[in-house]
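Just run-v1.cif here, mmCIF, C-alpha atoms:
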```cif
data_data
#
loop_
_atom_site.group_PDB
_atom_site.id
_atom_site.type_symbol
_atom_site.label_atom_id
_atom_site.label_comp_id
_atom_site.auth_asym_id
_atom_site.auth_seq_id
_atom_site.Cartn_x
_atom_site.Cartn_y
_atom_site.Cartn_z
ATOM 1 C CA ILE A 225 -27.237 -0.009 12.444
ATOM 2 C CA LEU A 226 -27.268 3.276 10.573
ATOM 3 C CA ARG A 227 -23.671 3.989 11.600
ATOM 4 C CA ALA A 228 -22.547 0.605 10.251
ATOM 5 C CA LEU A 229 -24.473 1.072 7.008
ATOM 6 C CA ALA A 230 -22.984 4.550 6.554
ATOM 7 C CA ARG A 231 -19.479 3.094 6.906
ATOM 8 C CA ARG A 232 -20.290 0.255 4.505
ATOM 9 C CA LEU A 233 -21.567 2.750 1.924
ATOM 10 C CA ASP A 234 -18.620 5.077 2.546
ATOM 11 C CA HIS A 235 -21.201 7.829 2.978
ATOM 12 C CA PRO A 236 -20.187 11.394 3.995
ATOM 13 C CA ALA A 237 -22.578 11.089 6.961
ATOM 14 C CA ALA A 238 -20.508 8.256 8.498
ATOM 15 C CA PRO A 239 -18.282 10.518 10.641
ATOM 16 C CA LEU A 240 -21.380 12.412 11.791
ATOM 17 C CA LEU A 241 -22.673 9.202 13.380
ATOM 18 C CA ASP A 242 -19.450 8.183 15.126
ATOM 19 C CA ASP A 243 -19.288 7.964 18.907
ATOM 20 C CA GLY A 244 -19.233 11.437 20.362
ATOM 21 C CA ALA A 245 -21.411 12.882 17.599
ATOM 22 C CA PRO A 246 -24.347 15.021 18.785
ATOM 23 C CA VAL A 247 -26.907 12.199 18.611
ATOM 24 C CA VAL A 248 -29.696 11.719 21.144
ATOM 25 C CA TYR A 249 -31.288 8.263 21.287
ATOM 26 C CA LEU A 250 -34.743 8.664 22.784
ATOM 27 C CA GLY A 251 -35.661 4.979 22.949
ATOM 28 C CA GLN A 252 -39.252 5.641 21.912
ATOM 29 C CA ASN A 253 -40.870 6.519 18.600
ATOM 30 C CA LYS A 254 -42.684 9.514 20.009
ATOM 31 C CA PRO A 255 -42.318 12.705 17.969
ATOM 32 C CA ASN A 256 -43.318 14.846 20.966
ATOM 33 C CA ASP A 257 -40.359 13.482 22.969
ATOM 34 C CA ALA A 258 -38.003 14.439 20.145
ATOM 35 C CA ARG A 259 -39.572 17.891 19.843
ATOM 36 C CA GLU A 260 -39.379 18.573 23.569
ATOM 37 C CA ASN A 261 -35.737 17.503 23.642
ATOM 38 C CA PHE A 262 -34.830 19.534 20.558
ATOM 39 C CA TYR A 263 -36.644 22.718 21.507
ATOM 40 C CA GLY A 264 -35.265 22.502 25.048
ATOM 41 C CA LEU A 265 -31.767 22.521 23.571
ATOM 42 C CA ARG A 266 -32.755 25.286 21.180
ATOM 43 C CA GLU A 267 -33.404 27.556 24.162
ATOM 44 C CA ALA A 268 -29.643 27.531 24.713
ATOM 45 C CA LYS A 269 -28.701 27.701 21.007
ATOM 46 C CA PRO A 270 -31.389 29.457 18.940
ATOM 47 C CA ASP A 271 -29.874 28.500 15.565
ATOM 48 C CA LEU A 272 -29.761 24.766 16.415
ATOM 49 C CA VAL A 273 -30.865 22.441 13.603
ATOM 50 C CA GLY A 274 -31.649 18.755 13.848
ATOM 51 C CA LEU A 275 -33.145 15.673 12.293
ATOM 52 C CA ALA A 276 -35.501 13.259 14.055
ATOM 53 C CA LEU A 277 -35.599 9.775 12.518
ATOM 54 C CA PHE A 278 -38.331 7.363 13.610
ATOM 55 C CA ASP A 279 -39.348 3.799 12.872
ATOM 56 C CA ARG A 280 -42.520 3.758 10.787
ATOM 57 C CA ILE A 281 -45.233 5.204 13.012
ATOM 58 C CA PRO A 282 -48.830 6.314 12.453
ATOM 59 C CA ALA A 283 -48.116 9.804 13.811
ATOM 60 C CA GLU A 284 -48.079 12.739 11.436
ATOM 61 C CA LEU A 285 -44.678 14.321 11.204
ATOM 62 C CA ARG A 286 -44.101 18.055 11.000
ATOM 63 C CA ALA A 287 -42.262 19.888 8.279
ATOM 64 C CA ASN A 288 -40.073 22.382 10.109
ATOM 65 C CA ASP A 289 -36.927 24.180 9.044
ATOM 66 C CA ALA A 290 -35.181 23.744 12.395
ATOM 67 C CA LEU A 291 -36.129 20.135 13.196
ATOM 68 C CA ARG A 292 -36.579 17.902 10.180
ATOM 69 C CA GLU A 293 -38.757 14.886 11.023
ATOM 70 C CA THR A 294 -38.657 11.730 8.940
ATOM 71 C CA MET A 295 -39.407 8.036 9.318
ATOM 72 C CA TRP A 296 -38.479 4.747 7.735
ATOM 73 C CA GLN A 297 -40.874 3.352 5.138
ATOM 74 C CA ARG A 298 -40.328 -0.130 6.535
ATOM 75 C CA ARG A 299 -41.589 -1.019 10.010
ATOM 76 C CA GLU A 300 -38.233 -0.569 11.781
ATOM 77 C CA ILE A 301 -34.572 -0.128 10.906
ATOM 78 C CA GLU A 302 -33.832 -3.837 11.464
ATOM 79 C CA ASN A 303 -36.039 -4.591 8.437
ATOM 80 C CA TYR A 304 -33.279 -3.110 6.275
ATOM 81 C CA VAL A 305 -30.581 -5.536 7.438
ATOM 82 C CA ALA A 306 -32.578 -8.734 7.996
ATOM 83 C CA THR A 307 -32.144 -10.620 4.738
ATOM 84 C CA ARG A 308 -31.548 -14.290 4.085
ATOM 85 C CA GLU A 309 -28.084 -13.452 2.775
ATOM 86 C CA SER A 310 -27.100 -11.223 5.698
ATOM 87 C CA LEU A 311 -28.200 -13.856 8.211
ATOM 88 C CA GLN A 312 -26.319 -16.640 6.463
ATOM 89 C CA ALA A 313 -23.198 -14.479 6.118
ATOM 90 C CA TRP A 314 -23.463 -13.486 9.775
ATOM 91 C CA ALA A 315 -23.771 -17.143 10.840
ATOM 92 C CA GLY A 316 -20.439 -17.983 9.220
ATOM 93 C CA ALA A 317 -18.613 -14.752 10.047
ATOM 94 C CA GLY A 318 -15.764 -14.420 12.497
ATOM 95 C CA LEU A 319 -14.166 -17.781 11.775
ATOM 96 C CA PRO A 320 -10.722 -17.875 10.137
ATOM 97 C CA ALA A 321 -11.019 -18.866 6.475
ATOM 98 C CA ALA A 322 -7.712 -20.743 6.202
ATOM 99 C CA ASP A 323 -8.359 -23.385 8.858
ATOM 100 C CA LEU A 324 -10.229 -26.501 7.662
ATOM 101 C CA VAL A 325 -11.876 -27.010 11.065
ATOM 102 C CA TYR A 326 -13.296 -23.497 10.924
ATOM 103 C CA GLN A 327 -14.429 -24.006 7.328
ATOM 104 C CA ILE A 328 -16.420 -27.033 8.451
ATOM 105 C CA GLU A 329 -17.858 -25.100 11.411
ATOM 106 C CA ARG A 330 -18.744 -22.150 9.156
ATOM 107 C CA ALA A 331 -20.596 -24.489 6.784
ATOM 108 C CA ARG A 332 -22.427 -26.099 9.731
ATOM 109 C CA ARG A 333 -23.515 -22.744 11.170
ATOM 110 C CA THR A 334 -24.646 -21.495 7.779
ATOM 111 C CA GLU A 335 -26.679 -24.664 7.242
ATOM 112 C CA VAL A 336 -28.248 -24.446 10.712
ATOM 113 C CA MET A 337 -29.160 -20.801 10.082
ATOM 114 C CA GLN A 338 -30.747 -21.739 6.754
ATOM 115 C CA GLN A 339 -32.813 -24.472 8.425
ATOM 116 C CA CYS A 340 -33.949 -22.070 11.165
ATOM 117 C CA ILE A 341 -34.896 -19.427 8.588
ATOM 118 C CA ASP A 342 -36.881 -21.933 6.506
ATOM 119 C CA GLU A 343 -38.742 -23.298 9.545
ATOM 120 C CA LEU A 344 -39.616 -19.888 10.942
ATOM 121 C CA GLU A 345 -40.618 -18.585 7.518
ATOM 122 C CA GLN A 346 -42.989 -21.558 7.183
ATOM 123 C CA SER A 347 -44.356 -21.044 10.723
ATOM 124 C CA LEU A 348 -45.097 -17.386 10.031
ATOM 125 C CA ARG A 349 -46.850 -18.337 6.805
ATOM 126 C CA ILE A 350 -48.974 -20.978 8.586
ATOM 127 C CA ALA A 351 -49.834 -18.543 11.395
ATOM 128 C CA ARG A 352 -50.703 -15.926 8.739
ATOM 129 C CA LYS A 353 -48.273 -13.452 10.302
ATOM 130 C CA GLY A 354 -46.706 -12.517 6.998
ATOM 131 C CA ASP A 355 -43.406 -12.789 5.261
ATOM 132 C CA PRO A 356 -40.264 -12.167 7.353
ATOM 133 C CA TRP A 357 -38.840 -10.135 4.453
ATOM 134 C CA SER A 358 -41.883 -7.862 4.311
ATOM 135 C CA ALA A 359 -41.669 -4.142 5.028
ATOM 136 C CA ASP A 360 -44.637 -4.511 7.392
ATOM 137 C CA ILE A 361 -43.451 -7.163 9.839
ATOM 138 C CA LYS A 362 -42.016 -6.109 13.198
ATOM 139 C CA VAL A 363 -38.934 -8.076 12.297
ATOM 140 C CA THR A 364 -37.209 -7.945 15.696
ATOM 141 C CA ASP A 365 -40.074 -9.403 17.738
ATOM 142 C CA GLU A 366 -41.706 -11.631 15.162
ATOM 143 C CA PHE A 367 -38.683 -13.004 13.321
ATOM 144 C CA LEU A 368 -35.180 -12.196 14.580
ATOM 145 C CA ASP A 369 -35.787 -12.884 18.291
ATOM 146 C CA PRO A 370 -37.181 -16.403 17.741
ATOM 147 C CA LEU A 371 -34.703 -17.045 14.915
ATOM 148 C CA PHE A 372 -31.637 -16.412 17.067
ATOM 149 C CA ALA A 373 -33.123 -18.354 19.995
ATOM 150 C CA ASN A 374 -33.674 -21.359 17.689
ATOM 151 C CA PHE A 375 -30.260 -20.964 16.049
ATOM 152 C CA TYR A 376 -28.322 -21.101 19.316
ATOM 153 C CA GLU A 377 -30.481 -23.915 20.642
ATOM 154 C CA ARG A 378 -29.670 -25.950 17.522
ATOM 155 C CA LEU A 379 -25.978 -25.196 17.924
ATOM 156 C CA GLY A 380 -26.197 -26.348 21.536
ATOM 157 C CA THR A 381 -24.650 -23.163 22.899
ATOM 158 C CA PRO A 382 -25.962 -20.351 25.107
ATOM 159 C CA GLN A 383 -27.609 -17.557 23.159
ATOM 160 C CA ARG A 384 -25.206 -14.683 22.558
ATOM 161 C CA THR A 385 -27.115 -12.528 20.068
ATOM 162 C CA PHE A 386 -30.039 -10.366 21.104
ATOM 163 C CA LYS A 387 -31.721 -7.179 19.865
ATOM 164 C CA ARG A 388 -28.819 -5.059 21.159
ATOM 165 C CA ASP A 389 -26.567 -7.018 18.762
ATOM 166 C CA TYR A 390 -28.661 -6.823 15.586
ATOM 167 C CA HIS A 391 -26.462 -3.993 14.318
ATOM 168 C CA GLN A 392 -23.989 -6.780 13.431
ATOM 169 C CA LEU A 393 -26.251 -7.753 10.544
ATOM 170 C CA ALA A 394 -25.430 -4.420 8.900
ATOM 171 C CA GLU A 395 -21.876 -5.694 8.433
ATOM 172 C CA SER A 396 -23.135 -8.784 6.610
ATOM 173 C CA VAL A 397 -25.879 -7.482 4.336
ATOM 174 C CA PRO A 398 -24.658 -7.511 0.719
ATOM 175 C CA LEU A 399 -24.037 -3.988 -0.571
ATOM 176 C CA ALA A 400 -26.400 -4.613 -3.493
ATOM 177 C CA GLN A 401 -29.204 -5.343 -1.004
ATOM 178 C CA ILE A 402 -28.886 -2.104 0.965
ATOM 179 C CA ASP A 403 -32.130 -0.292 0.220
ATOM 180 C CA PRO A 404 -31.741 3.111 -1.543
ATOM 181 C CA GLU A 405 -33.802 4.605 1.280
ATOM 182 C CA VAL A 406 -30.815 4.108 3.611
ATOM 183 C CA ARG A 407 -28.755 6.425 1.424
ATOM 184 C CA GLU A 408 -31.661 8.907 1.366
ATOM 185 C CA LYS A 409 -31.730 9.037 5.167
ATOM 186 C CA LEU A 410 -27.949 9.428 5.300
ATOM 187 C CA ASP A 411 -28.198 12.232 2.725
ATOM 188 C CA ALA A 412 -30.761 13.949 4.969
ATOM 189 C CA ILE A 413 -28.413 13.690 7.965
ATOM 190 C CA ALA A 414 -25.557 15.163 5.942
ATOM 191 C CA ALA A 415 -27.797 17.969 4.647
ATOM 192 C CA VAL A 416 -28.898 18.964 8.149
ATOM 193 C CA ALA A 417 -25.304 18.787 9.415
ATOM 194 C CA ALA A 418 -24.256 21.124 6.598
ATOM 195 C CA GLN A 419 -26.730 23.722 7.938
ATOM 196 C CA ALA A 420 -25.301 23.559 11.467
ATOM 197 C CA ARG A 421 -23.357 26.482 12.858
ATOM 198 C CA PRO A 422 -21.049 25.130 15.546
ATOM 199 C CA VAL A 423 -20.127 27.414 18.400
ATOM 200 C CA THR A 424 -16.586 28.705 17.878
#
```

Structure encoded using structure tokens:
Amino acid sequence: ILRALARRLDHPAAPLLDDGAPVVYLGQNKPNDARENFYGLREAKPDLVGLALFDRIPAELRANDALRETMWQRREIENYVATRESLQAWAGAGLPAADLVYQIERARRTEVMQQCIDELEQSLRIARKGDPWSADIKVTDEFLDPLFANFYERLGTPQRTFKRDYHQLAESVPLAQIDPEVREKLDAIAAVAAQARPVT
């Protein structure tokens, strides 16, 4: 998701996030795992610098010159790309614009997505689980997972979009809706990369 947003914003950090970049995905939001990994690598390269980026977690992060720790203000990174507009744009994406049949299908998918969003938004409100656009909702589990299940069921096709695919929403979120915090995190990545001293 961050890689796609960096490309969309034409941010200097974009090439730093490309495949092959020195990025370690830990799979858990545990600062100690990141620290152990980083300081293990630092045994081999004492001037190593890094940045650990977490979903919003209750843990207290450390301020350290070598390993900069930061977290998202929203619950998880998917909260930054899950908007009504990005979901509707995603629903109609990938279909050729010139063909009338595809225009009709795009309109149908966009309408079905809108209906699914409205219904799930109402269900969350009734269940007092919050607003799907809130910074506090665990948007993958509580909104996007059921939304995509309902969307594909309505279309009458097997589900093809799961959590592993939510990065696609980053391509559809309007540029004006990309939260300034995304740029801040990308700036932090670029700043840490500028301090790195590659082995020559």

Residues near Glu309 (chain A), cut-off 7 Å, only C-alpha atoms, skip fewer than 3 positions along chain, as an MDAnalysis selection string:
chainID A and resid 312:313 397

Explicit residues for the PyMOL selection byres ((chain A and resi 303) around 8) (as an mmCIF file with C-alpha atoms, in the frame of the given file):
```cif
data_model
loop_
_atom_site.group_PDB
_atom_site.id
_atom_site.type_symbol
_atom_site.label_atom_id
_atom_site.label_comp_id
_atom_site.auth_asym_id
_atom_site.auth_seq_id
_atom_site.Cartn_x
_atom_site.Cartn_y
_atom_site.Cartn_z
ATOM 1 C CA ARG A 298 -40.328 -0.130 6.535
ATOM 2 C CA ARG A 299 -41.589 -1.019 10.010
ATOM 3 C CA GLU A 300 -38.233 -0.569 11.781
ATOM 4 C CA ILE A 301 -34.572 -0.128 10.906
ATOM 5 C CA GLU A 302 -33.832 -3.837 11.464
ATOM 6 C CA TYR A 304 -33.279 -3.110 6.275
ATOM 7 C CA VAL A 305 -30.581 -5.536 7.438
ATOM 8 C CA ALA A 306 -32.578 -8.734 7.996
ATOM 9 C CA TRP A 357 -38.840 -10.135 4.453
ATOM 10 C CA SER A 358 -41.883 -7.862 4.311
ATOM 11 C CA ALA A 359 -41.669 -4.142 5.028
ATOM 12 C CA ILE A 361 -43.451 -7.163 9.839
ATOM 13 C CA LYS A 362 -42.016 -6.109 13.198
ATOM 14 C CA VAL A 363 -38.934 -8.076 12.297
#
```

Applied to the shown file, which residues does the PyMOL selection byres ((chain A and resi 334) around 9) return, written as an mmCIF file with C-alpha atoms, keeping the file's coordinate frame?
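Result file is selection12.cif:
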```
data_model
loop_
_atom_site.group_PDB
_atom_site.id
_atom_site.type_symbol
_atom_site.label_atom_id
_atom_site.label_comp_id
_atom_site.auth_asym_id
_atom_site.auth_seq_id
_atom_site.Cartn_x
_atom_site.Cartn_y
_atom_site.Cartn_z
ATOM 1 C CA LEU A 311 -28.200 -13.856 8.211
ATOM 2 C CA GLN A 312 -26.319 -16.640 6.463
ATOM 3 C CA ALA A 313 -23.198 -14.479 6.118
ATOM 4 C CA TRP A 314 -23.463 -13.486 9.775
ATOM 5 C CA ALA A 315 -23.771 -17.143 10.840
ATOM 6 C CA GLY A 316 -20.439 -17.983 9.220
ATOM 7 C CA GLU A 329 -17.858 -25.100 11.411
ATOM 8 C CA ARG A 330 -18.744 -22.150 9.156
ATOM 9 C CA ALA A 331 -20.596 -24.489 6.784
ATOM 10 C CA ARG A 332 -22.427 -26.099 9.731
ATOM 11 C CA ARG A 333 -23.515 -22.744 11.170
ATOM 12 C CA GLU A 335 -26.679 -24.664 7.242
ATOM 13 C CA VAL A 336 -28.248 -24.446 10.712
ATOM 14 C CA MET A 337 -29.160 -20.801 10.082
ATOM 15 C CA GLN A 338 -30.747 -21.739 6.754
ATOM 16 C CA GLN A 339 -32.813 -24.472 8.425
#
```

Just to confirm, what's the straight-line distance from CA of Leu275 (chain A) to CA of Leu233 (chain A) in Å (one decimal)?
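Pair CA of Leu275 (chain A) / CA of Leu233 (chain A) returns 20.2 Å.
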
In Å, how far is it from CA of Pro422 (chain A) to CA of Asp271 (chain A)?
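Interatomic distance here is 9.4 Å.
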
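In this model, the gap between CA of Arg388 (chain A) and CA of Phe367 (chain A) comes to 14.9 Å.
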
Can you translate the PyMOL selection byres ((chain A and resi 274) around 12) into the concrete residues it hits in this file, as a compact mmCIF listing (two decimals) with C-alpha atoms, in the coordinates of the input?
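out.txt, freshly written:
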```txt
# COMPACT_ATOMS: atom_id res chain seq x y z
CA PRO A 246 -24.35 15.02 18.78
CA VAL A 247 -26.91 12.20 18.61
CA VAL A 248 -29.70 11.72 21.14
CA ALA A 258 -38.00 14.44 20.14
CA ARG A 259 -39.57 17.89 19.84
CA ASN A 261 -35.74 17.50 23.64
CA PHE A 262 -34.83 19.53 20.56
CA TYR A 263 -36.64 22.72 21.51
CA LEU A 265 -31.77 22.52 23.57
CA ARG A 266 -32.76 25.29 21.18
CA LYS A 269 -28.70 27.70 21.01
CA PRO A 270 -31.39 29.46 18.94
CA ASP A 271 -29.87 28.50 15.56
CA LEU A 272 -29.76 24.77 16.42
CA VAL A 273 -30.86 22.44 13.60
CA LEU A 275 -33.15 15.67 12.29
CA ALA A 276 -35.50 13.26 14.06
CA LEU A 277 -35.60 9.78 12.52
CA ASN A 288 -40.07 22.38 10.11
CA ASP A 289 -36.93 24.18 9.04
CA ALA A 290 -35.18 23.74 12.40
CA LEU A 291 -36.13 20.14 13.20
CA ARG A 292 -36.58 17.90 10.18
CA GLU A 293 -38.76 14.89 11.02
CA THR A 294 -38.66 11.73 8.94
CA ALA A 412 -30.76 13.95 4.97
CA ILE A 413 -28.41 13.69 7.96
CA ALA A 414 -25.56 15.16 5.94
CA ALA A 415 -27.80 17.97 4.65
CA VAL A 416 -28.90 18.96 8.15
CA ALA A 417 -25.30 18.79 9.41
CA ALA A 418 -24.26 21.12 6.60
CA GLN A 419 -26.73 23.72 7.94
CA ALA A 420 -25.30 23.56 11.47
CA ARG A 421 -23.36 26.48 12.86
```
